[in-house]
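*Asks:* Dropping a structure here in structure tokens format, bear with me for questions.
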Amino acid sequence: MKFNPKKDISPKYLFLALSVICVLLLGLSLFSDSVVLKIKQFFGDIVSPMQEGVSSIGEWVEDRFLVFGDVKELRQENDSLKERNRELEDQIAKSQAELTELAELRSLYQLDQMYPDYNTTAARIFSVENTGWFNEFYINKGLNDGVYKDCNVLYDGGLLGIVTESYDNYARVMAIVDDRSKVTGAIGPNSALCTVEGSLTNYEQGYLMATDIDKEAKISVGDRVITSNVSDRFLYGLTIGYVSELVPDPNNLTVTARIKTAVDFSSVRDVLVITDRKQEVTY
């Protein structure tokens with residue numbers, strides 16, 4: 001038969017048994033200190049290690065909470081430092097952009113001082129044809145700013161190109177390195193005439209070609225090439241570049257010069273537009 005303690009042992013018997021044990025222990029404590037001491041020692045041997053274990057566990061848990069607290073603080077501090085670092089990087093980038101813009105404006109000012117006889121306005125490029133070079137692009141100035149078709153455009157050390165189309169608030173510019181470009185130039189002390197031909201292929205090699213130069217013209221490497229006063233669209237005296245090499249032509253009557261341009265057409269941002277046009281200027 002299966003034993004069922006809840007059914008077979010009555011609570012009153014259990015209470016009576018515990019009461020008897022308590023009375024016995026009380027009597028022993030009155031008549032025998034040695035017995036009580038042994039009982040205390042017995043329970044002490046059992047309870048003390050348990051207390052030490054519980055205490056050790058408590059200390060370990062407390063240490064872990066302290067470590068977790070330190071880690072949390074370190075993470076918060078790290079996040080704060082990262083945010084500060086991002087702010088500093090943004091400030092540096094902004095300062096660098098401002099310095100670049102200041103350098104651009106200073107360059108435009110110096111360029112403007114090179115041609116004091118012409119009226120000019122600064123403009124910024126906002127779109128470029130996808131060729132790898134600034135051979136055709138759009139600027140943020142147009143008819144409303146006095147920028148018309150055939151206005152000459154300057155950059156860096158000299159002539160960049162010419163306005164081919166103008167609208168109310170923007171204009172299209174073709175650079176002198178474009179394959180369609182031809183500029184009548186003058187070289188050397190005697191202003192020998194030449195035709196500076198645009199060519200992206202040649203420019204990739206570092207030069208443009210100045211053709212149809214009279215063989216008897218006294219020109220040499222290093223001579224400045226400027227726009228000629230006989231040019232129909234380009235104003236007189238704008239620097240195109242400098243002679244880097246002279247090559248005799250097969251006809252033995254003319255020579256061809258390789259020209260290193262005054263402008264770097266790989267990186268252009270702000271330009272100077274001459275609002276005077278050739279047909280309006282009298283020399």
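Identifiers in the structure tokens: chain A, B, ... in order shown; residue index from 1 per chain; ligand index from 1 in order shown.
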Write out as a VMD selection string which residues come within 12 Å of A:Thr120 when counting only C-alpha atoms, dropping same-chain ones fewer than 5 positions away.

*Replies:* chain A and resid 108 to 109 111 to 115 141 145 to 147 151 to 155 271 to 277

*Asks:* Can you tell me, as a ChimeraX atom specification, which residues in stretch 153-272 of chain A count as alpha helix (DSSP H) by DSSP?

*Replies:* /A:200-204

*Asks:* Next, the residues of the selection above should be written as a PDB file, in the first residue's frame with C-alpha atoms.

*Replies:*
ATOM      1  CA  LEU A 200      41.538  66.628 -75.409  1.00  0.00           C
ATOM      2  CA  THR A 201      43.890  63.973 -76.786  1.00  0.00           C
ATOM      3  CA  ASN A 202      46.795  66.417 -76.922  1.00  0.00           C
ATOM      4  CA  TYR A 203      45.890  67.939 -73.567  1.00  0.00           C
ATOM      5  CA  GLU A 204      46.053  64.504 -71.974  1.00  0.00           C
TER       6      GLU A 204
END

*Asks:* Excluding stretch 252-257 of chain A and its own-chain neighbours fewer than 5 positions away, which residues fall within 7 Å of it when counting only C-alpha atoms? Please give them as a CSV table (one decimal) with all heavy atoms, in the first residue's frame.

*Replies:*
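Result file follows (part39.csv):
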chain,number,residue,atom,x,y,z
A,209,MET,N,48.4,72.5,-79.3
A,209,MET,CA,49.2,72.8,-80.5
A,209,MET,C,48.8,74.2,-81.0
A,209,MET,O,47.7,74.6,-81.2
A,209,MET,CB,48.9,71.8,-81.6
A,209,MET,CG,49.2,70.4,-81.3
A,209,MET,SD,50.9,70.0,-80.8
A,209,MET,CE,51.7,70.1,-82.4
A,210,ALA,N,49.9,75.0,-81.2
A,210,ALA,CA,49.8,76.3,-81.9
A,210,ALA,C,50.3,76.2,-83.3
A,210,ALA,O,51.6,76.0,-83.4
A,210,ALA,CB,50.5,77.4,-81.1
A,211,THR,N,49.5,76.3,-84.3
A,211,THR,CA,49.9,76.0,-85.6
A,211,THR,C,50.0,77.3,-86.5
A,211,THR,O,49.6,78.4,-86.0
A,211,THR,CB,48.9,75.1,-86.3
A,211,THR,OG1,47.6,75.7,-86.3
A,211,THR,CG2,48.8,73.7,-85.5
A,212,ASP,N,50.5,77.1,-87.7
A,212,ASP,CA,50.6,78.2,-88.7
A,212,ASP,C,51.4,79.4,-88.2
A,212,ASP,O,51.1,80.6,-88.5
A,212,ASP,CB,49.2,78.7,-89.1
A,212,ASP,CG,48.3,77.6,-89.6
A,212,ASP,OD1,48.8,76.7,-90.3
A,212,ASP,OD2,47.1,77.6,-89.3
A,213,ILE,N,52.5,79.1,-87.5
A,213,ILE,CA,53.4,80.2,-87.1
A,213,ILE,C,54.5,80.4,-88.2
A,213,ILE,O,55.1,79.5,-88.7
A,213,ILE,CB,54.1,79.8,-85.8
A,213,ILE,CG1,53.1,79.4,-84.7
A,213,ILE,CG2,55.0,80.9,-85.3
A,213,ILE,CD1,53.7,78.7,-83.5
A,214,ASP,N,54.7,81.6,-88.6
A,214,ASP,CA,55.7,82.0,-89.6
A,214,ASP,C,57.1,81.5,-89.1
A,214,ASP,O,57.5,81.8,-88.0
A,214,ASP,CB,55.7,83.5,-89.8
A,214,ASP,CG,56.5,83.9,-91.0
A,214,ASP,OD1,57.4,83.1,-91.5
A,214,ASP,OD2,56.4,85.1,-91.4
A,215,LYS,N,57.7,80.8,-90.1
A,215,LYS,CA,59.1,80.3,-89.8
A,215,LYS,C,60.0,81.4,-89.4
A,215,LYS,O,61.0,81.2,-88.6
A,215,LYS,CB,59.6,79.5,-91.0
A,215,LYS,CG,61.0,78.9,-90.8
A,215,LYS,CD,61.4,78.2,-92.0
A,215,LYS,CE,62.8,77.7,-91.8
A,215,LYS,NZ,63.3,77.0,-93.1
A,243,VAL,N,55.1,78.6,-74.6
A,243,VAL,CA,55.8,77.6,-75.6
A,243,VAL,C,56.7,76.7,-74.8
A,243,VAL,O,57.6,77.1,-74.1
A,243,VAL,CB,56.6,78.4,-76.6
A,243,VAL,CG1,57.3,77.4,-77.6
A,243,VAL,CG2,55.7,79.4,-77.4
A,245,GLU,N,57.8,73.7,-76.7
A,245,GLU,CA,58.6,73.0,-77.8
A,245,GLU,C,58.2,73.6,-79.1
A,245,GLU,O,57.0,74.0,-79.4
A,245,GLU,CB,58.3,71.5,-77.7
A,245,GLU,CG,59.2,70.7,-78.7
A,245,GLU,CD,58.9,69.2,-78.6
A,245,GLU,OE1,58.0,68.8,-77.7
A,245,GLU,OE2,59.4,68.5,-79.4
A,246,LEU,N,59.2,73.7,-80.0
A,246,LEU,CA,59.0,74.1,-81.4
A,246,LEU,C,59.3,73.0,-82.4
A,246,LEU,O,60.3,72.4,-82.3
A,246,LEU,CB,59.8,75.4,-81.7
A,246,LEU,CG,59.5,76.6,-80.9
A,246,LEU,CD1,60.6,77.7,-81.1
A,246,LEU,CD2,58.2,77.2,-81.4
A,247,VAL,N,58.4,72.8,-83.3
A,247,VAL,CA,58.6,71.7,-84.3
A,247,VAL,C,58.4,72.3,-85.7
A,247,VAL,O,57.4,72.8,-86.1
A,247,VAL,CB,57.5,70.6,-84.1
A,247,VAL,CG1,57.8,69.5,-85.1
A,247,VAL,CG2,57.6,70.1,-82.6

*Asks:* Which one of A:Ala217, A:Leu160, A:Val128, A:Ala171 sits closest to A:Leu238 if you count only C-alpha atoms?

*Replies:* A:Leu160

*Asks:* For the atom pair atom CA of A:Glu165 and atom CA of A:Thr121, what is the interatomic distance in Å to one decimal place?

*Replies:* 16.7 Å

*Asks:* When you look at stretch 172-180 of chain A with a cut-off of 10 Å (counting only C-alpha atoms), what residues show up, excluding the ones that are within fewer than 2 positions of it in the same chain? I need them as a PDB file with N, CA, C and O atoms, in the first residue's frame.

*Replies:*
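New file selection32.pdb:
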ATOM      1  N   ILE A 125      31.103  76.940 -60.992  1.00  0.00           N
ATOM      2  CA  ILE A 125      30.696  75.813 -61.842  1.00  0.00           C
ATOM      3  C   ILE A 125      29.765  74.898 -61.047  1.00  0.00           C
ATOM      4  O   ILE A 125      30.054  74.542 -59.910  1.00  0.00           O
ATOM      5  N   SER A 127      27.930  72.213 -62.963  1.00  0.00           N
ATOM      6  CA  SER A 127      27.729  70.984 -63.735  1.00  0.00           C
ATOM      7  C   SER A 127      28.829  70.873 -64.780  1.00  0.00           C
ATOM      8  O   SER A 127      29.212  71.874 -65.398  1.00  0.00           O
ATOM      9  N   VAL A 128      29.317  69.643 -64.976  1.00  0.00           N
ATOM     10  CA  VAL A 128      30.421  69.405 -65.907  1.00  0.00           C
ATOM     11  C   VAL A 128      30.076  68.224 -66.805  1.00  0.00           C
ATOM     12  O   VAL A 128      29.514  67.223 -66.349  1.00  0.00           O
ATOM     13  N   TRP A 133      37.621  66.002 -68.039  1.00  0.00           N
ATOM     14  CA  TRP A 133      38.253  67.320 -68.059  1.00  0.00           C
ATOM     15  C   TRP A 133      37.175  68.389 -68.029  1.00  0.00           C
ATOM     16  O   TRP A 133      36.021  68.139 -68.357  1.00  0.00           O
ATOM     17  N   PHE A 134      37.579  69.599 -67.651  1.00  0.00           N
ATOM     18  CA  PHE A 134      36.643  70.724 -67.663  1.00  0.00           C
ATOM     19  C   PHE A 134      36.678  71.367 -69.054  1.00  0.00           C
ATOM     20  O   PHE A 134      37.128  72.497 -69.232  1.00  0.00           O
ATOM     21  N   ASN A 135      36.210  70.614 -70.050  1.00  0.00           N
ATOM     22  CA  ASN A 135      36.200  71.136 -71.415  1.00  0.00           C
ATOM     23  C   ASN A 135      34.852  71.758 -71.779  1.00  0.00           C
ATOM     24  O   ASN A 135      34.767  72.585 -72.674  1.00  0.00           O
ATOM     25  N   GLU A 136      33.787  71.371 -71.048  1.00  0.00           N
ATOM     26  CA  GLU A 136      32.483  71.980 -71.241  1.00  0.00           C
ATOM     27  C   GLU A 136      31.711  71.886 -69.932  1.00  0.00           C
ATOM     28  O   GLU A 136      31.605  70.809 -69.344  1.00  0.00           O
ATOM     29  N   PHE A 137      31.173  73.016 -69.471  1.00  0.00           N
ATOM     30  CA  PHE A 137      30.537  73.037 -68.149  1.00  0.00           C
ATOM     31  C   PHE A 137      29.541  74.182 -68.063  1.00  0.00           C
ATOM     32  O   PHE A 137      29.436  75.018 -68.976  1.00  0.00           O
ATOM     33  N   TYR A 138      28.816  74.219 -66.930  1.00  0.00           N
ATOM     34  CA  TYR A 138      27.808  75.254 -66.693  1.00  0.00           C
ATOM     35  C   TYR A 138      28.200  76.077 -65.462  1.00  0.00           C
ATOM     36  O   TYR A 138      28.721  75.532 -64.482  1.00  0.00           O
ATOM     37  N   ILE A 139      27.926  77.377 -65.535  1.00  0.00           N
ATOM     38  CA  ILE A 139      28.205  78.269 -64.415  1.00  0.00           C
ATOM     39  C   ILE A 139      26.898  78.891 -63.919  1.00  0.00           C
ATOM     40  O   ILE A 139      25.905  78.926 -64.638  1.00  0.00           O
ATOM     41  N   ASN A 140      26.916  79.377 -62.680  1.00  0.00           N
ATOM     42  CA  ASN A 140      25.683  79.872 -62.046  1.00  0.00           C
ATOM     43  C   ASN A 140      25.440  81.368 -62.279  1.00  0.00           C
ATOM     44  O   ASN A 140      24.816  82.040 -61.450  1.00  0.00           O
ATOM     45  N   LYS A 141      25.922  81.893 -63.361  1.00  0.00           N
ATOM     46  CA  LYS A 141      25.640  83.279 -63.746  1.00  0.00           C
ATOM     47  C   LYS A 141      25.136  83.272 -65.190  1.00  0.00           C
ATOM     48  O   LYS A 141      25.611  82.470 -66.009  1.00  0.00           O
ATOM     49  N   GLY A 142      24.158  84.179 -65.482  1.00  0.00           N
ATOM     50  CA  GLY A 142      23.592  84.223 -66.826  1.00  0.00           C
ATOM     51  C   GLY A 142      23.212  85.628 -67.232  1.00  0.00           C
ATOM     52  O   GLY A 142      23.827  86.615 -66.813  1.00  0.00           O
ATOM     53  N   TYR A 148      26.694  87.069 -71.238  1.00  0.00           N
ATOM     54  CA  TYR A 148      26.089  86.783 -72.540  1.00  0.00           C
ATOM     55  C   TYR A 148      26.961  85.827 -73.338  1.00  0.00           C
ATOM     56  O   TYR A 148      28.118  85.541 -72.972  1.00  0.00           O
ATOM     57  N   LYS A 149      26.419  85.349 -74.445  1.00  0.00           N
ATOM     58  CA  LYS A 149      27.186  84.516 -75.357  1.00  0.00           C
ATOM     59  C   LYS A 149      28.422  85.278 -75.814  1.00  0.00           C
ATOM     60  O   LYS A 149      28.375  86.479 -76.069  1.00  0.00           O
ATOM     61  N   ASP A 150      29.549  84.570 -75.897  1.00  0.00           N
ATOM     62  CA  ASP A 150      30.861  85.082 -76.318  1.00  0.00           C
ATOM     63  C   ASP A 150      31.592  85.840 -75.219  1.00  0.00           C
ATOM     64  O   ASP A 150      32.665  86.412 -75.472  1.00  0.00           O
ATOM     65  N   CYS A 151      31.071  85.848 -73.999  1.00  0.00           N
ATOM     66  CA  CYS A 151      31.852  86.387 -72.889  1.00  0.00           C
ATOM     67  C   CYS A 151      33.031  85.455 -72.610  1.00  0.00           C
ATOM     68  O   CYS A 151      32.873  84.227 -72.569  1.00  0.00           O
ATOM     69  N   ASN A 152      34.214  86.022 -72.440  1.00  0.00           N
ATOM     70  CA  ASN A 152      35.415  85.229 -72.158  1.00  0.00           C
ATOM     71  C   ASN A 152      35.447  84.837 -70.682  1.00  0.00           C
ATOM     72  O   ASN A 152      35.016  85.606 -69.805  1.00  0.00           O
ATOM     73  N   VAL A 153      35.969  83.648 -70.410  1.00  0.00           N
ATOM     74  CA  VAL A 153      36.004  83.116 -69.050  1.00  0.00           C
ATOM     75  C   VAL A 153      37.452  82.849 -68.647  1.00  0.00           C
ATOM     76  O   VAL A 153      38.215  82.218 -69.398  1.00  0.00           O
ATOM     77  N   LEU A 154      37.834  83.308 -67.461  1.00  0.00           N
ATOM     78  CA  LEU A 154      39.205  83.170 -66.956  1.00  0.00           C
ATOM     79  C   LEU A 154      39.247  82.259 -65.739  1.00  0.00           C
ATOM     80  O   LEU A 154      38.258  82.112 -65.016  1.00  0.00           O
ATOM     81  N   LEU A 159      43.300  82.271 -69.696  1.00  0.00           N
ATOM     82  CA  LEU A 159      42.063  81.995 -70.437  1.00  0.00           C
ATOM     83  C   LEU A 159      41.598  80.554 -70.236  1.00  0.00           C
ATOM     84  O   LEU A 159      42.342  79.612 -70.477  1.00  0.00           O
ATOM     85  N   LEU A 160      40.343  80.435 -69.818  1.00  0.00           N
ATOM     86  CA  LEU A 160      39.737  79.119 -69.624  1.00  0.00           C
ATOM     87  C   LEU A 160      38.853  78.738 -70.805  1.00  0.00           C
ATOM     88  O   LEU A 160      38.900  77.606 -71.292  1.00  0.00           O
ATOM     89  N   GLY A 161      38.012  79.673 -71.272  1.00  0.00           N
ATOM     90  CA  GLY A 161      37.113  79.342 -72.373  1.00  0.00           C
ATOM     91  C   GLY A 161      36.218  80.508 -72.718  1.00  0.00           C
ATOM     92  O   GLY A 161      36.529  81.673 -72.418  1.00  0.00           O
ATOM     93  N   ILE A 162      35.068  80.189 -73.305  1.00  0.00           N
ATOM     94  CA  ILE A 162      34.141  81.211 -73.776  1.00  0.00           C
ATOM     95  C   ILE A 162      32.708  80.728 -73.586  1.00  0.00           C
ATOM     96  O   ILE A 162      32.419  79.527 -73.680  1.00  0.00           O
ATOM     97  N   VAL A 163      31.805  81.663 -73.271  1.00  0.00           N
ATOM     98  CA  VAL A 163      30.389  81.330 -73.096  1.00  0.00           C
ATOM     99  C   VAL A 163      29.781  81.029 -74.467  1.00  0.00           C
ATOM    100  O   VAL A 163      29.884  81.837 -75.393  1.00  0.00           O
ATOM    101  N   THR A 164      29.144  79.864 -74.600  1.00  0.00           N
ATOM    102  CA  THR A 164      28.507  79.477 -75.865  1.00  0.00           C
ATOM    103  C   THR A 164      26.996  79.608 -75.823  1.00  0.00           C
ATOM    104  O   THR A 164      26.357  79.770 -76.852  1.00  0.00           O
ATOM    105  N   GLU A 165      26.409  79.549 -74.626  1.00  0.00           N
ATOM    106  CA  GLU A 165      24.965  79.721 -74.455  1.00  0.00           C
ATOM    107  C   GLU A 165      24.724  80.410 -73.113  1.00  0.00           C
ATOM    108  O   GLU A 165      25.408  80.116 -72.137  1.00  0.00           O
ATOM    109  N   SER A 166      23.741  81.316 -73.089  1.00  0.00           N
ATOM    110  CA  SER A 166      23.436  82.002 -71.832  1.00  0.00           C
ATOM    111  C   SER A 166      21.926  82.053 -71.627  1.00  0.00           C
ATOM    112  O   SER A 166      21.163  82.327 -72.557  1.00  0.00           O
ATOM    113  N   TYR A 167      21.524  81.805 -70.373  1.00  0.00           N
ATOM    114  CA  TYR A 167      20.112  81.834 -69.990  1.00  0.00           C
ATOM    115  C   TYR A 167      19.961  82.803 -68.812  1.00  0.00           C
ATOM    116  O   TYR A 167      20.925  83.461 -68.416  1.00  0.00           O
ATOM    117  N   TYR A 170      21.973  81.049 -65.634  1.00  0.00           N
ATOM    118  CA  TYR A 170      23.135  80.184 -65.826  1.00  0.00           C
ATOM    119  C   TYR A 170      23.604  80.275 -67.272  1.00  0.00           C
ATOM    120  O   TYR A 170      22.909  80.809 -68.144  1.00  0.00           O
ATOM    121  N   LYS A 182      39.031  76.831 -81.328  1.00  0.00           N
ATOM    122  CA  LYS A 182      40.165  77.410 -82.055  1.00  0.00           C
ATOM    123  C   LYS A 182      40.297  78.857 -81.603  1.00  0.00           C
ATOM    124  O   LYS A 182      39.329  79.621 -81.644  1.00  0.00           O
ATOM    125  N   VAL A 183      41.494  79.225 -81.170  1.00  0.00           N
ATOM    126  CA  VAL A 183      41.740  80.581 -80.678  1.00  0.00           C
ATOM    127  C   VAL A 183      42.900  81.182 -81.464  1.00  0.00           C
ATOM    128  O   VAL A 183      43.964  80.564 -81.572  1.00  0.00           O
ATOM    129  N   VAL A 196      45.653  78.396 -81.934  1.00  0.00           N
ATOM    130  CA  VAL A 196      45.728  77.417 -80.838  1.00  0.00           C
ATOM    131  C   VAL A 196      44.520  76.502 -80.952  1.00  0.00           C
ATOM    132  O   VAL A 196      43.376  76.940 -80.804  1.00  0.00           O
ATOM    133  N   GLU A 197      44.792  75.230 -81.234  1.00  0.00           N
ATOM    134  CA  GLU A 197      43.733  74.263 -81.504  1.00  0.00           C
ATOM    135  C   GLU A 197      43.430  73.433 -80.255  1.00  0.00           C
ATOM    136  O   GLU A 197      44.337  72.869 -79.630  1.00  0.00           O
ATOM    137  N   GLY A 198      42.147  73.372 -79.929  1.00  0.00           N
ATOM    138  CA  GLY A 198      41.745  72.532 -78.807  1.00  0.00           C
ATOM    139  C   GLY A 198      41.818  71.060 -79.163  1.00  0.00           C
ATOM    140  O   GLY A 198      41.498  70.659 -80.287  1.00  0.00           O
ATOM    141  N   SER A 199      42.235  70.247 -78.217  1.00  0.00           N
ATOM    142  CA  SER A 199      42.312  68.793 -78.424  1.00  0.00           C
ATOM    143  C   SER A 199      42.465  68.112 -77.071  1.00  0.00           C
ATOM    144  O   SER A 199      43.492  68.276 -76.395  1.00  0.00           O
ATOM    145  N   LEU A 200      41.448  67.348 -76.682  1.00  0.00           N
ATOM    146  CA  LEU A 200      41.538  66.628 -75.409  1.00  0.00           C
ATOM    147  C   LEU A 200      42.634  65.573 -75.459  1.00  0.00           C
ATOM    148  O   LEU A 200      43.301  65.304 -74.456  1.00  0.00           O
ATOM    149  N   THR A 201      42.829  64.982 -76.636  1.00  0.00           N
ATOM    150  CA  THR A 201      43.890  63.973 -76.786  1.00  0.00           C
ATOM    151  C   THR A 201      45.250  64.587 -76.527  1.00  0.00           C
ATOM    152  O   THR A 201      46.081  64.029 -75.791  1.00  0.00           O
ATOM    153  N   ASN A 202      45.511  65.746 -77.145  1.00  0.00           N
ATOM    154  CA  ASN A 202      46.795  66.417 -76.922  1.00  0.00           C
ATOM    155  C   ASN A 202      46.924  66.895 -75.479  1.00  0.00           C
ATOM    156  O   ASN A 202      48.006  66.799 -74.871  1.00  0.00           O
ATOM    157  N   TYR A 203      45.806  67.419 -74.927  1.00  0.00           N
ATOM    158  CA  TYR A 203      45.890  67.939 -73.567  1.00  0.00           C
ATOM    159  C   TYR A 203      46.199  66.825 -72.569  1.00  0.00           C
ATOM    160  O   TYR A 203      46.875  67.051 -71.559  1.00  0.00           O
ATOM    161  N   GLU A 204      45.717  65.635 -72.837  1.00  0.00           N
ATOM    162  CA  GLU A 204      46.053  64.504 -71.974  1.00  0.00           C
ATOM    163  C   GLU A 204      47.554  64.250 -71.960  1.00  0.00           C
ATOM    164  O   GLU A 204      48.091  63.711 -70.989  1.00  0.00           O
ATOM    165  N   TYR A 207      49.763  69.202 -73.429  1.00  0.00           N
ATOM    166  CA  TYR A 207      49.978  70.393 -74.255  1.00  0.00           C
ATOM    167  C   TYR A 207      48.821  70.611 -75.219  1.00  0.00           C
ATOM    168  O   TYR A 207      47.981  69.727 -75.422  1.00  0.00           O
ATOM    169  N   LEU A 208      48.786  71.818 -75.825  1.00  0.00           N
ATOM    170  CA  LEU A 208      47.953  72.127 -76.978  1.00  0.00           C
ATOM    171  C   LEU A 208      48.881  72.525 -78.114  1.00  0.00           C
ATOM    172  O   LEU A 208      50.026  72.919 -77.882  1.00  0.00           O
ATOM    173  N   ILE A 240      47.130  82.503 -72.781  1.00  0.00           N
ATOM    174  CA  ILE A 240      46.715  81.144 -73.137  1.00  0.00           C
ATOM    175  C   ILE A 240      47.677  80.133 -72.538  1.00  0.00           C
ATOM    176  O   ILE A 240      47.270  79.097 -72.006  1.00  0.00           O
ATOM    177  N   THR A 261      49.412  75.038 -71.238  1.00  0.00           N
ATOM    178  CA  THR A 261      48.353  76.004 -70.910  1.00  0.00           C
ATOM    179  C   THR A 261      48.570  76.635 -69.531  1.00  0.00           C
ATOM    180  O   THR A 261      49.146  76.010 -68.623  1.00  0.00           O
ATOM    181  N   VAL A 263      46.158  77.331 -67.595  1.00  0.00           N
ATOM    182  CA  VAL A 263      45.083  76.815 -66.739  1.00  0.00           C
ATOM    183  C   VAL A 263      45.205  75.303 -66.601  1.00  0.00           C
ATOM    184  O   VAL A 263      45.504  74.595 -67.570  1.00  0.00           O
ATOM    185  N   PHE A 265      43.110  72.250 -66.405  1.00  0.00           N
ATOM    186  CA  PHE A 265      41.721  71.913 -66.750  1.00  0.00           C
ATOM    187  C   PHE A 265      41.230  70.635 -66.062  1.00  0.00           C
ATOM    188  O   PHE A 265      40.156  70.146 -66.378  1.00  0.00           O
TER     189      PHE A 265
END

*Asks:* Using DSSP secondary structure from the backbone, list all strand (DSSP E or B) positions within stretch 57-264 of chain A, as a ChimeraX atom specification.

*Replies:* /A:120-128,136-139,152-155,158-166,171-175,182-187,192-197,208-214,224-227,239-248,254-261

*Asks:* Can you measure atom CA of A:Ala192 to atom CA of A:Ala262 for me? One decimal in Å is fine.

*Replies:*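 The value is 18.8 Å.
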
*Asks:* Check the smallest atom-to-atom distance from each of A:Ile226, A:Ile219, A:Leu74, A:Ile21 to A:Gly157 using only C-alpha atoms, then report the winner.

*Replies:*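 With only C-alpha atoms as the atom set, the closest residue is A:Ile226.
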
*Asks:* Just give me the gap between atom CA of A:Lys278 and atom CA of A:Ala123 in Å, one decimal is fine.

*Replies:*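 Pair atom CA of A:Lys278 / atom CA of A:Ala123 returns 19.8 Å.
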